[in-house]
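Peer 1: First the structure, then my questions, so here it is.
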Amino acid sequence: MADKDFTILYVDDEVDNLRVFKAAFRRKYKIELASSAEEGIRILKEKPIDLIITDQRMPEITGVEFLKKVVPLYPDTVRMVLTGYSDLSAIVEAINLGQIYRYIGKPWDEEELNVAIENARQLSRLKKKNRELLAELQHKMEIQEKTLQTFKRFVPPKVVEECLSTAPTTIFEGEQRHLTVLFCDLRGFTSISEKWHPTQVVSFLNDYYESMTDAVEKYGGVVMQYIGDEVFAVFGAPISISDHELKAVTAALEMREQMEKVNTKYRETLGFDLSIGIGVNSGEVVAGTLGTHSRLSYSVAGDVVNTGKRIESVTKSSPNQILVHESVYEKVKETFSSRALDPVYVKGKEQALNLYEILK
């Protein structure tokens with residue numbers, strides 16, 4: 001009975017050889033016959049072939065030349081040559097040019113040829129399995145890449161990169177970091193959003209978030225969270241950066257400029273300009289993965305974070321104001337124009353804060 005999953009194409013210009021070959025092997029394999037290289041190529045185009053066996057000496061084209069043409073079109077098909085011509089140079093040429101699996105002498109011995117065909121069948125199956133595994137691997141890699149790109153939309157890219165570049169548990173362990181936190185809040189948007197269609201709200205917030213995030217990332221910061229219309233960013237985690245206070249304040253100034261562009265786009269719709277307030281603080285925090293066994297997120301925590309949020313709340317009375325804690329001011333005072341505020345008491349702090357407004 002023919003093996004349905006293995007097909008042999010035998011090419012020989014002598015009809016008697018074709019007849020004998022088919023009679024010898026048709027019970028075990030599917031056999032396709034061609035009396036010329038041209039006919040062989042036509043069959044290859046029409047039917048799936050697992051093994052090509054060709055005579056070397058043919059009038060129009062040699063077996064090696066035929067296989068040389070076949071290789072780039074059907075690279076996974078196993079190839080063998082049958083010939084009575086035993087010149088060593090022909091054998092070398094067949095192996096190099098035709099990428100021949102076996103070179104069998106004529107007249108061929110049926111038992112020897114049968115063993116060679118069986119070995120070729122095993123090779124063909126291995127090639128097929130490898131193709132399937134490679135295709136599966138490629139598919140899985142594409143899925144992983146899509147998953148990673150989606151993951152990066154919900155988790156700060158730098159957090160993802162840190163996860164991939166460090167030991168599996170490192171990113172999940174809390175560590176002390178000296179860094180700068182920035183809080184940016186949109187003023188008056190809540191009342192406006194109540195009058196807008198939800199799609200308008202989402203469209204505006206996406207534009208706002210993108211503008212603010214671009215400014216943060218431009219100077220090495222990472223947006224940790226979008227909380228309503230507030231942006232919470234850090235400079236110095238998960239990857240440490242130098243001059244994080246300077247970079248945070250520079251980003252804050254650019255965020256203010258970006259807000260002008262957002263207002264230009266929505267001024268006609270709103271009828272007026274929206275403003276932001278930014279608070280910046282620096283110091284020691286605990287950075288790492290926070291949460292429960294069912295839900296985790298990378299973030300930073302500590303008094304520096306809480307105070308940074310309180311500083312941002314002080315800006316509510318002054319549109320587009322940027323306020324920094326004295327810890328930040330001491331690092332940037334030579335770079336930016338600023339003015340000192342009277343000591344300010346904020347919720348949760350017993351002592352008044354020394355704050356400075358960044359002017360430009």
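Going through the structure tokens in order, the chains are called A, B, and so on, while each chain numbers its residues from 1 and the ligands are numbered from 1 in the order shown.
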Select from segment 51-271 of chain A everything DSSP, run on the backbone, classes as strand (DSSP E), then give the selection as an mmCIF file with all heavy atoms, in the first residue's frame.
Peer 2:
```cif
data_model
loop_
_atom_site.group_PDB
_atom_site.id
_atom_site.type_symbol
_atom_site.label_atom_id
_atom_site.label_comp_id
_atom_site.auth_asym_id
_atom_site.auth_seq_id
_atom_site.Cartn_x
_atom_site.Cartn_y
_atom_site.Cartn_z
ATOM 1 N N LEU A 51 10.769 13.711 -2.189
ATOM 2 C CA LEU A 51 12.084 13.237 -2.613
ATOM 3 C C LEU A 51 12.186 13.273 -4.136
ATOM 4 O O LEU A 51 11.275 12.815 -4.832
ATOM 5 C CB LEU A 51 12.316 11.799 -2.120
ATOM 6 C CG LEU A 51 13.537 11.059 -2.675
ATOM 7 C CD1 LEU A 51 14.831 11.733 -2.242
ATOM 8 C CD2 LEU A 51 13.524 9.588 -2.222
ATOM 9 N N ILE A 52 13.292 13.839 -4.631
ATOM 10 C CA ILE A 52 13.579 13.822 -6.069
ATOM 11 C C ILE A 52 14.745 12.883 -6.306
ATOM 12 O O ILE A 52 15.806 13.028 -5.701
ATOM 13 C CB ILE A 52 13.947 15.225 -6.601
ATOM 14 C CG1 ILE A 52 12.828 16.237 -6.329
ATOM 15 C CG2 ILE A 52 14.262 15.158 -8.098
ATOM 16 C CD1 ILE A 52 13.224 17.662 -6.660
ATOM 17 N N ILE A 53 14.536 11.906 -7.203
ATOM 18 C CA ILE A 53 15.620 11.037 -7.653
ATOM 19 C C ILE A 53 15.764 11.255 -9.158
ATOM 20 O O ILE A 53 14.797 11.111 -9.903
ATOM 21 C CB ILE A 53 15.313 9.555 -7.361
ATOM 22 C CG1 ILE A 53 15.100 9.339 -5.860
ATOM 23 C CG2 ILE A 53 16.446 8.674 -7.878
ATOM 24 C CD1 ILE A 53 14.715 7.913 -5.503
ATOM 25 N N THR A 54 16.955 11.600 -9.584
ATOM 26 C CA THR A 54 17.147 11.898 -11.002
ATOM 27 C C THR A 54 18.360 11.176 -11.559
ATOM 28 O O THR A 54 19.353 10.933 -10.853
ATOM 29 C CB THR A 54 17.327 13.422 -11.222
ATOM 30 O OG1 THR A 54 17.521 13.678 -12.613
ATOM 31 C CG2 THR A 54 18.502 13.976 -10.451
ATOM 32 N N ASP A 55 18.267 10.807 -12.833
ATOM 33 C CA ASP A 55 19.419 10.259 -13.542
ATOM 34 C C ASP A 55 20.395 11.404 -13.808
ATOM 35 O O ASP A 55 19.980 12.561 -14.007
ATOM 36 C CB ASP A 55 18.947 9.625 -14.856
ATOM 37 C CG ASP A 55 20.091 8.930 -15.573
ATOM 38 O OD1 ASP A 55 21.033 8.489 -14.879
ATOM 39 O OD2 ASP A 55 20.040 8.829 -16.810
ATOM 40 N N VAL A 78 14.166 16.610 -0.493
ATOM 41 C CA VAL A 78 15.389 15.804 -0.476
ATOM 42 C C VAL A 78 15.749 15.420 -1.908
ATOM 43 O O VAL A 78 14.868 15.127 -2.726
ATOM 44 C CB VAL A 78 15.187 14.539 0.391
ATOM 45 C CG1 VAL A 78 16.506 13.760 0.492
ATOM 46 C CG2 VAL A 78 14.696 14.926 1.782
ATOM 47 N N ARG A 79 17.073 15.394 -2.218
ATOM 48 C CA ARG A 79 17.514 15.172 -3.590
ATOM 49 C C ARG A 79 18.550 14.044 -3.655
ATOM 50 O O ARG A 79 19.491 14.008 -2.846
ATOM 51 C CB ARG A 79 18.117 16.466 -4.159
ATOM 52 C CG ARG A 79 17.100 17.585 -4.308
ATOM 53 C CD ARG A 79 17.752 18.929 -4.525
ATOM 54 N NE ARG A 79 18.474 19.399 -3.345
ATOM 55 C CZ ARG A 79 17.879 20.012 -2.309
ATOM 56 N NH1 ARG A 79 16.581 20.215 -2.336
ATOM 57 N NH2 ARG A 79 18.568 20.399 -1.273
ATOM 58 N N MET A 80 18.399 13.148 -4.649
ATOM 59 C CA MET A 80 19.332 12.036 -4.885
ATOM 60 C C MET A 80 19.623 11.914 -6.374
ATOM 61 O O MET A 80 18.779 12.266 -7.199
ATOM 62 C CB MET A 80 18.745 10.719 -4.356
ATOM 63 C CG MET A 80 18.587 10.685 -2.845
ATOM 64 S SD MET A 80 17.666 9.220 -2.259
ATOM 65 C CE MET A 80 18.652 7.914 -2.958
ATOM 66 N N VAL A 81 20.801 11.392 -6.683
ATOM 67 C CA VAL A 81 21.204 11.187 -8.081
ATOM 68 C C VAL A 81 21.514 9.708 -8.311
ATOM 69 O O VAL A 81 22.225 9.077 -7.520
ATOM 70 C CB VAL A 81 22.444 12.042 -8.435
ATOM 71 C CG1 VAL A 81 23.004 11.613 -9.789
ATOM 72 C CG2 VAL A 81 22.079 13.509 -8.478
ATOM 73 N N LEU A 82 20.981 9.148 -9.396
ATOM 74 C CA LEU A 82 21.295 7.796 -9.850
ATOM 75 C C LEU A 82 22.096 7.896 -11.140
ATOM 76 O O LEU A 82 21.664 8.550 -12.087
ATOM 77 C CB LEU A 82 20.014 7.003 -10.131
ATOM 78 C CG LEU A 82 19.164 6.584 -8.933
ATOM 79 C CD1 LEU A 82 17.900 5.900 -9.431
ATOM 80 C CD2 LEU A 82 19.942 5.649 -8.034
ATOM 81 N N THR A 83 23.242 7.280 -11.177
ATOM 82 C CA THR A 83 24.032 7.350 -12.402
ATOM 83 C C THR A 83 25.067 6.237 -12.453
ATOM 84 O O THR A 83 25.527 5.750 -11.417
ATOM 85 C CB THR A 83 24.754 8.704 -12.522
ATOM 86 O OG1 THR A 83 25.449 8.747 -13.768
ATOM 87 C CG2 THR A 83 25.723 8.927 -11.396
ATOM 88 N N ARG A 102 22.108 11.875 -1.427
ATOM 89 C CA ARG A 102 22.821 10.630 -1.711
ATOM 90 C C ARG A 102 23.168 10.544 -3.196
ATOM 91 O O ARG A 102 22.472 11.092 -4.039
ATOM 92 C CB ARG A 102 21.955 9.414 -1.338
ATOM 93 C CG ARG A 102 21.829 9.145 0.138
ATOM 94 C CD ARG A 102 23.143 8.701 0.760
ATOM 95 N NE ARG A 102 23.644 7.480 0.161
ATOM 96 C CZ ARG A 102 23.302 6.250 0.553
ATOM 97 N NH1 ARG A 102 22.433 6.098 1.535
ATOM 98 N NH2 ARG A 102 23.811 5.191 -0.027
ATOM 99 N N TYR A 103 24.231 9.825 -3.489
ATOM 100 C CA TYR A 103 24.688 9.585 -4.860
ATOM 101 C C TYR A 103 24.724 8.079 -5.042
ATOM 102 O O TYR A 103 25.564 7.391 -4.457
ATOM 103 C CB TYR A 103 26.074 10.211 -5.041
ATOM 104 C CG TYR A 103 26.554 10.327 -6.472
ATOM 105 C CD1 TYR A 103 26.394 11.517 -7.164
ATOM 106 C CD2 TYR A 103 27.180 9.261 -7.109
ATOM 107 C CE1 TYR A 103 26.849 11.641 -8.473
ATOM 108 C CE2 TYR A 103 27.638 9.375 -8.409
ATOM 109 C CZ TYR A 103 27.469 10.571 -9.083
ATOM 110 O OH TYR A 103 27.920 10.681 -10.383
ATOM 111 N N ILE A 104 23.789 7.513 -5.839
ATOM 112 C CA ILE A 104 23.641 6.068 -5.995
ATOM 113 C C ILE A 104 24.071 5.640 -7.396
ATOM 114 O O ILE A 104 23.656 6.234 -8.389
ATOM 115 C CB ILE A 104 22.182 5.622 -5.767
ATOM 116 C CG1 ILE A 104 21.684 6.116 -4.410
ATOM 117 C CG2 ILE A 104 22.062 4.102 -5.879
ATOM 118 C CD1 ILE A 104 22.399 5.518 -3.220
ATOM 119 N N GLY A 105 24.900 4.584 -7.472
ATOM 120 C CA GLY A 105 25.384 4.107 -8.764
ATOM 121 C C GLY A 105 24.339 3.294 -9.509
ATOM 122 O O GLY A 105 23.454 2.687 -8.913
ATOM 123 N N GLU A 175 13.286 48.722 47.256
ATOM 124 C CA GLU A 175 14.613 49.264 47.536
ATOM 125 C C GLU A 175 14.510 50.759 47.755
ATOM 126 O O GLU A 175 13.607 51.421 47.251
ATOM 127 C CB GLU A 175 15.554 48.973 46.363
ATOM 128 C CG GLU A 175 15.097 49.579 45.046
ATOM 129 C CD GLU A 175 16.109 49.377 43.932
ATOM 130 O OE1 GLU A 175 17.292 49.145 44.244
ATOM 131 O OE2 GLU A 175 15.724 49.458 42.759
ATOM 132 N N GLN A 176 15.430 51.273 48.525
ATOM 133 C CA GLN A 176 15.452 52.715 48.767
ATOM 134 C C GLN A 176 16.108 53.414 47.594
ATOM 135 O O GLN A 176 17.134 52.976 47.089
ATOM 136 C CB GLN A 176 16.202 53.034 50.061
ATOM 137 C CG GLN A 176 15.351 52.849 51.308
ATOM 138 C CD GLN A 176 15.962 53.562 52.508
ATOM 139 O OE1 GLN A 176 17.156 53.473 52.736
ATOM 140 N NE2 GLN A 176 15.136 54.275 53.268
ATOM 141 N N ARG A 177 15.479 54.476 47.160
ATOM 142 C CA ARG A 177 16.009 55.268 46.053
ATOM 143 C C ARG A 177 15.921 56.747 46.416
ATOM 144 O O ARG A 177 14.935 57.191 47.003
ATOM 145 C CB ARG A 177 15.204 55.032 44.772
ATOM 146 C CG ARG A 177 15.451 53.719 44.072
ATOM 147 C CD ARG A 177 16.778 53.724 43.325
ATOM 148 N NE ARG A 177 16.931 52.490 42.566
ATOM 149 C CZ ARG A 177 16.687 52.366 41.279
ATOM 150 N NH1 ARG A 177 16.229 53.396 40.589
ATOM 151 N NH2 ARG A 177 16.892 51.224 40.660
ATOM 152 N N HIS A 178 16.942 57.484 46.050
ATOM 153 C CA HIS A 178 16.863 58.952 46.146
ATOM 154 C C HIS A 178 16.455 59.440 44.765
ATOM 155 O O HIS A 178 17.183 59.277 43.785
ATOM 156 C CB HIS A 178 18.205 59.544 46.551
ATOM 157 C CG HIS A 178 18.119 61.025 46.827
ATOM 158 N ND1 HIS A 178 17.841 61.539 48.065
ATOM 159 C CD2 HIS A 178 18.240 62.092 46.000
ATOM 160 C CE1 HIS A 178 17.815 62.858 48.008
ATOM 161 N NE2 HIS A 178 18.049 63.225 46.752
ATOM 162 N N LEU A 179 15.281 60.053 44.672
ATOM 163 C CA LEU A 179 14.773 60.460 43.372
ATOM 164 C C LEU A 179 13.851 61.667 43.509
ATOM 165 O O LEU A 179 13.659 62.200 44.607
ATOM 166 C CB LEU A 179 14.034 59.297 42.695
ATOM 167 C CG LEU A 179 12.968 58.522 43.495
ATOM 168 C CD1 LEU A 179 11.720 59.332 43.716
ATOM 169 C CD2 LEU A 179 12.620 57.228 42.785
ATOM 170 N N THR A 180 13.311 62.087 42.399
ATOM 171 C CA THR A 180 12.406 63.240 42.370
ATOM 172 C C THR A 180 11.043 62.803 41.868
ATOM 173 O O THR A 180 10.951 62.040 40.900
ATOM 174 C CB THR A 180 12.964 64.342 41.454
ATOM 175 O OG1 THR A 180 14.232 64.763 41.959
ATOM 176 C CG2 THR A 180 12.031 65.543 41.412
ATOM 177 N N VAL A 181 10.010 63.286 42.541
ATOM 178 C CA VAL A 181 8.640 62.985 42.120
ATOM 179 C C VAL A 181 7.990 64.260 41.592
ATOM 180 O O VAL A 181 8.324 65.370 42.029
ATOM 181 C CB VAL A 181 7.794 62.395 43.265
ATOM 182 C CG1 VAL A 181 8.400 61.078 43.746
ATOM 183 C CG2 VAL A 181 7.657 63.381 44.424
ATOM 184 N N LEU A 182 7.089 64.080 40.652
ATOM 185 C CA LEU A 182 6.384 65.219 40.044
ATOM 186 C C LEU A 182 4.904 64.882 39.944
ATOM 187 O O LEU A 182 4.546 63.809 39.455
ATOM 188 C CB LEU A 182 6.976 65.512 38.669
ATOM 189 C CG LEU A 182 6.373 66.662 37.845
ATOM 190 C CD1 LEU A 182 7.423 67.246 36.893
ATOM 191 C CD2 LEU A 182 5.143 66.232 37.041
ATOM 192 N N PHE A 183 4.077 65.817 40.398
ATOM 193 C CA PHE A 183 2.630 65.683 40.254
ATOM 194 C C PHE A 183 2.115 66.852 39.428
ATOM 195 O O PHE A 183 2.434 68.010 39.714
ATOM 196 C CB PHE A 183 1.937 65.687 41.625
ATOM 197 C CG PHE A 183 2.123 64.418 42.409
ATOM 198 C CD1 PHE A 183 3.233 64.250 43.225
ATOM 199 C CD2 PHE A 183 1.196 63.395 42.323
ATOM 200 C CE1 PHE A 183 3.413 63.080 43.945
ATOM 201 C CE2 PHE A 183 1.368 62.225 43.040
ATOM 202 C CZ PHE A 183 2.475 62.064 43.856
ATOM 203 N N CYS A 184 1.342 66.526 38.404
ATOM 204 C CA CYS A 184 0.751 67.552 37.545
ATOM 205 C C CYS A 184 -0.750 67.335 37.502
ATOM 206 O O CYS A 184 -1.217 66.256 37.123
ATOM 207 C CB CYS A 184 1.347 67.468 36.143
ATOM 208 S SG CYS A 184 0.567 68.594 34.950
ATOM 209 N N ASP A 185 -1.508 68.356 37.871
ATOM 210 C CA ASP A 185 -2.964 68.230 37.924
ATOM 211 C C ASP A 185 -3.600 69.260 36.998
ATOM 212 O O ASP A 185 -3.140 70.401 36.893
ATOM 213 C CB ASP A 185 -3.456 68.432 39.356
ATOM 214 C CG ASP A 185 -4.905 68.009 39.516
ATOM 215 O OD1 ASP A 185 -5.260 66.948 38.985
ATOM 216 O OD2 ASP A 185 -5.676 68.745 40.156
ATOM 217 N N LEU A 186 -4.652 68.837 36.330
ATOM 218 C CA LEU A 186 -5.382 69.702 35.411
ATOM 219 C C LEU A 186 -6.469 70.434 36.176
ATOM 220 O O LEU A 186 -7.286 69.812 36.864
ATOM 221 C CB LEU A 186 -5.992 68.852 34.294
ATOM 222 C CG LEU A 186 -6.638 69.571 33.107
ATOM 223 C CD1 LEU A 186 -5.628 70.439 32.374
ATOM 224 C CD2 LEU A 186 -7.233 68.528 32.155
ATOM 225 N N ARG A 187 -6.522 71.742 36.079
ATOM 226 C CA ARG A 187 -7.461 72.532 36.865
ATOM 227 C C ARG A 187 -8.782 72.737 36.130
ATOM 228 O O ARG A 187 -8.808 73.073 34.939
ATOM 229 C CB ARG A 187 -6.857 73.910 37.187
ATOM 230 C CG ARG A 187 -5.528 73.863 37.913
ATOM 231 C CD ARG A 187 -5.643 73.114 39.214
ATOM 232 N NE ARG A 187 -4.372 73.098 39.940
ATOM 233 C CZ ARG A 187 -4.029 72.175 40.795
ATOM 234 N NH1 ARG A 187 -4.856 71.152 41.011
ATOM 235 N NH2 ARG A 187 -2.873 72.224 41.417
ATOM 236 N N VAL A 222 9.614 58.838 34.212
ATOM 237 C CA VAL A 222 8.687 57.738 33.952
ATOM 238 C C VAL A 222 7.344 58.080 34.571
ATOM 239 O O VAL A 222 7.277 58.433 35.751
ATOM 240 C CB VAL A 222 9.199 56.418 34.564
ATOM 241 C CG1 VAL A 222 8.176 55.307 34.391
ATOM 242 C CG2 VAL A 222 10.530 56.024 33.950
ATOM 243 N N VAL A 223 6.300 58.009 33.778
ATOM 244 C CA VAL A 223 4.957 58.228 34.309
ATOM 245 C C VAL A 223 4.522 56.970 35.040
ATOM 246 O O VAL A 223 4.412 55.896 34.449
ATOM 247 C CB VAL A 223 3.957 58.580 33.193
ATOM 248 C CG1 VAL A 223 2.542 58.642 33.760
ATOM 249 C CG2 VAL A 223 4.328 59.916 32.555
ATOM 250 N N MET A 224 4.276 57.097 36.330
ATOM 251 C CA MET A 224 3.845 55.966 37.140
ATOM 252 C C MET A 224 2.347 55.725 37.027
ATOM 253 O O MET A 224 1.900 54.589 36.939
ATOM 254 C CB MET A 224 4.209 56.202 38.612
ATOM 255 C CG MET A 224 5.681 56.143 38.914
ATOM 256 S SD MET A 224 6.345 54.448 38.899
ATOM 257 C CE MET A 224 7.203 54.448 37.345
ATOM 258 N N GLN A 225 1.579 56.814 37.044
ATOM 259 C CA GLN A 225 0.134 56.672 37.052
ATOM 260 C C GLN A 225 -0.545 57.872 36.403
ATOM 261 O O GLN A 225 -0.019 58.989 36.437
ATOM 262 C CB GLN A 225 -0.394 56.549 38.484
ATOM 263 C CG GLN A 225 -0.168 55.214 39.155
ATOM 264 C CD GLN A 225 -0.743 55.227 40.569
ATOM 265 O OE1 GLN A 225 -0.365 56.038 41.413
ATOM 266 N NE2 GLN A 225 -1.667 54.316 40.826
ATOM 267 N N TYR A 226 -1.704 57.596 35.820
ATOM 268 C CA TYR A 226 -2.660 58.643 35.452
ATOM 269 C C TYR A 226 -3.822 58.487 36.428
ATOM 270 O O TYR A 226 -4.502 57.457 36.431
ATOM 271 C CB TYR A 226 -3.167 58.462 34.021
ATOM 272 C CG TYR A 226 -2.077 58.483 32.969
ATOM 273 C CD1 TYR A 226 -1.768 57.338 32.243
ATOM 274 C CD2 TYR A 226 -1.373 59.640 32.694
ATOM 275 C CE1 TYR A 226 -0.788 57.345 31.278
ATOM 276 C CE2 TYR A 226 -0.385 59.660 31.723
ATOM 277 C CZ TYR A 226 -0.093 58.509 31.018
ATOM 278 O OH TYR A 226 0.882 58.528 30.054
ATOM 279 N N ILE A 227 -4.023 59.470 37.240
ATOM 280 C CA ILE A 227 -5.082 59.397 38.254
ATOM 281 C C ILE A 227 -6.112 60.465 37.921
ATOM 282 O O ILE A 227 -5.939 61.637 38.243
ATOM 283 C CB ILE A 227 -4.522 59.628 39.674
ATOM 284 C CG1 ILE A 227 -3.301 58.738 39.913
ATOM 285 C CG2 ILE A 227 -5.598 59.355 40.725
ATOM 286 C CD1 ILE A 227 -2.527 59.082 41.168
ATOM 287 N N GLU A 230 -4.807 63.738 36.649
ATOM 288 C CA GLU A 230 -3.504 63.995 37.264
ATOM 289 C C GLU A 230 -2.461 63.034 36.713
ATOM 290 O O GLU A 230 -2.753 61.861 36.451
ATOM 291 C CB GLU A 230 -3.605 63.817 38.773
ATOM 292 C CG GLU A 230 -2.287 64.074 39.511
ATOM 293 C CD GLU A 230 -2.438 63.863 41.002
ATOM 294 O OE1 GLU A 230 -2.475 62.692 41.436
ATOM 295 O OE2 GLU A 230 -2.540 64.866 41.727
ATOM 296 N N VAL A 231 -1.249 63.559 36.541
ATOM 297 C CA VAL A 231 -0.124 62.757 36.088
ATOM 298 C C VAL A 231 0.891 62.659 37.216
ATOM 299 O O VAL A 231 1.316 63.675 37.766
ATOM 300 C CB VAL A 231 0.546 63.388 34.847
ATOM 301 C CG1 VAL A 231 1.775 62.575 34.431
ATOM 302 C CG2 VAL A 231 -0.438 63.481 33.689
ATOM 303 N N PHE A 232 1.264 61.425 37.566
ATOM 304 C CA PHE A 232 2.257 61.189 38.610
ATOM 305 C C PHE A 232 3.493 60.602 37.942
ATOM 306 O O PHE A 232 3.438 59.526 37.331
ATOM 307 C CB PHE A 232 1.697 60.242 39.673
ATOM 308 C CG PHE A 232 2.726 59.697 40.632
ATOM 309 C CD1 PHE A 232 3.773 60.483 41.089
ATOM 310 C CD2 PHE A 232 2.630 58.384 41.095
ATOM 311 C CE1 PHE A 232 4.710 59.986 41.973
ATOM 312 C CE2 PHE A 232 3.563 57.873 41.983
ATOM 313 C CZ PHE A 232 4.601 58.670 42.423
ATOM 314 N N ALA A 233 4.631 61.299 38.039
ATOM 315 C CA ALA A 233 5.857 60.852 37.388
ATOM 316 C C ALA A 233 7.017 60.846 38.363
ATOM 317 O O ALA A 233 7.013 61.564 39.369
ATOM 318 C CB ALA A 233 6.186 61.764 36.199
ATOM 319 N N VAL A 234 8.012 60.013 38.069
ATOM 320 C CA VAL A 234 9.222 59.968 38.890
ATOM 321 C C VAL A 234 10.440 60.100 37.990
ATOM 322 O O VAL A 234 10.428 59.699 36.820
ATOM 323 C CB VAL A 234 9.315 58.662 39.710
ATOM 324 C CG1 VAL A 234 8.121 58.525 40.631
ATOM 325 C CG2 VAL A 234 9.444 57.449 38.818
ATOM 326 N N PHE A 235 11.497 60.636 38.561
ATOM 327 C CA PHE A 235 12.774 60.780 37.868
ATOM 328 C C PHE A 235 13.830 60.106 38.734
ATOM 329 O O PHE A 235 14.173 60.614 39.803
ATOM 330 C CB PHE A 235 13.103 62.260 37.647
ATOM 331 C CG PHE A 235 12.168 62.957 36.702
ATOM 332 C CD1 PHE A 235 10.892 63.328 37.120
ATOM 333 C CD2 PHE A 235 12.552 63.227 35.403
ATOM 334 C CE1 PHE A 235 10.016 63.967 36.254
ATOM 335 C CE2 PHE A 235 11.687 63.870 34.528
ATOM 336 C CZ PHE A 235 10.408 64.231 34.952
#
```
Peer 1: Residues at most 10 Å from Arg125 of chain A, counting only C-alpha atoms, excluding those fewer than 6 positions away in the same chain, as a list in words?
Peer 2: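 Listing them by chain and then by number gives Asp5, Phe6, Asp50, Asn119 and Arg131 of chain A.
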Peer 1: Restricting the output to N, CA, C and O atoms, write the selected residues as a PDB file, in the first residue's frame.
Peer 2:
```pdb
ATOM      1  N   ASP A   5       1.942   9.819   2.827  1.00  0.00           N
ATOM      2  CA  ASP A   5       2.622  11.051   3.222  1.00  0.00           C
ATOM      3  C   ASP A   5       4.030  11.172   2.643  1.00  0.00           C
ATOM      4  O   ASP A   5       4.810  12.009   3.085  1.00  0.00           O
ATOM      5  N   PHE A   6       4.381  10.353   1.648  1.00  0.00           N
ATOM      6  CA  PHE A   6       5.716  10.457   1.062  1.00  0.00           C
ATOM      7  C   PHE A   6       5.642  10.211  -0.441  1.00  0.00           C
ATOM      8  O   PHE A   6       5.240   9.129  -0.888  1.00  0.00           O
ATOM      9  N   ASP A  50       8.323  15.025  -1.924  1.00  0.00           N
ATOM     10  CA  ASP A  50       9.206  14.891  -0.764  1.00  0.00           C
ATOM     11  C   ASP A  50      10.631  14.521  -1.155  1.00  0.00           C
ATOM     12  O   ASP A  50      11.590  14.952  -0.518  1.00  0.00           O
ATOM     13  N   ASN A 119      15.884   6.273   4.461  1.00  0.00           N
ATOM     14  CA  ASN A 119      16.650   7.308   5.178  1.00  0.00           C
ATOM     15  C   ASN A 119      16.232   8.709   4.737  1.00  0.00           C
ATOM     16  O   ASN A 119      16.136   9.642   5.547  1.00  0.00           O
ATOM     17  N   ARG A 131      10.288  22.616  10.240  1.00  0.00           N
ATOM     18  CA  ARG A 131       9.509  23.724   9.688  1.00  0.00           C
ATOM     19  C   ARG A 131       8.324  24.045  10.584  1.00  0.00           C
ATOM     20  O   ARG A 131       8.007  25.209  10.829  1.00  0.00           O
TER      21      ARG A 131
END
```
Peer 1: Write down as number ranges by chain the residues of segment 73-322 of chain A whose backbone DSSP state falls under alpha helix (DSSP H).
Peer 2: A: 73, 88-98, 110-154, 157-165, 189-193, 198-218, 244-270, 303-313
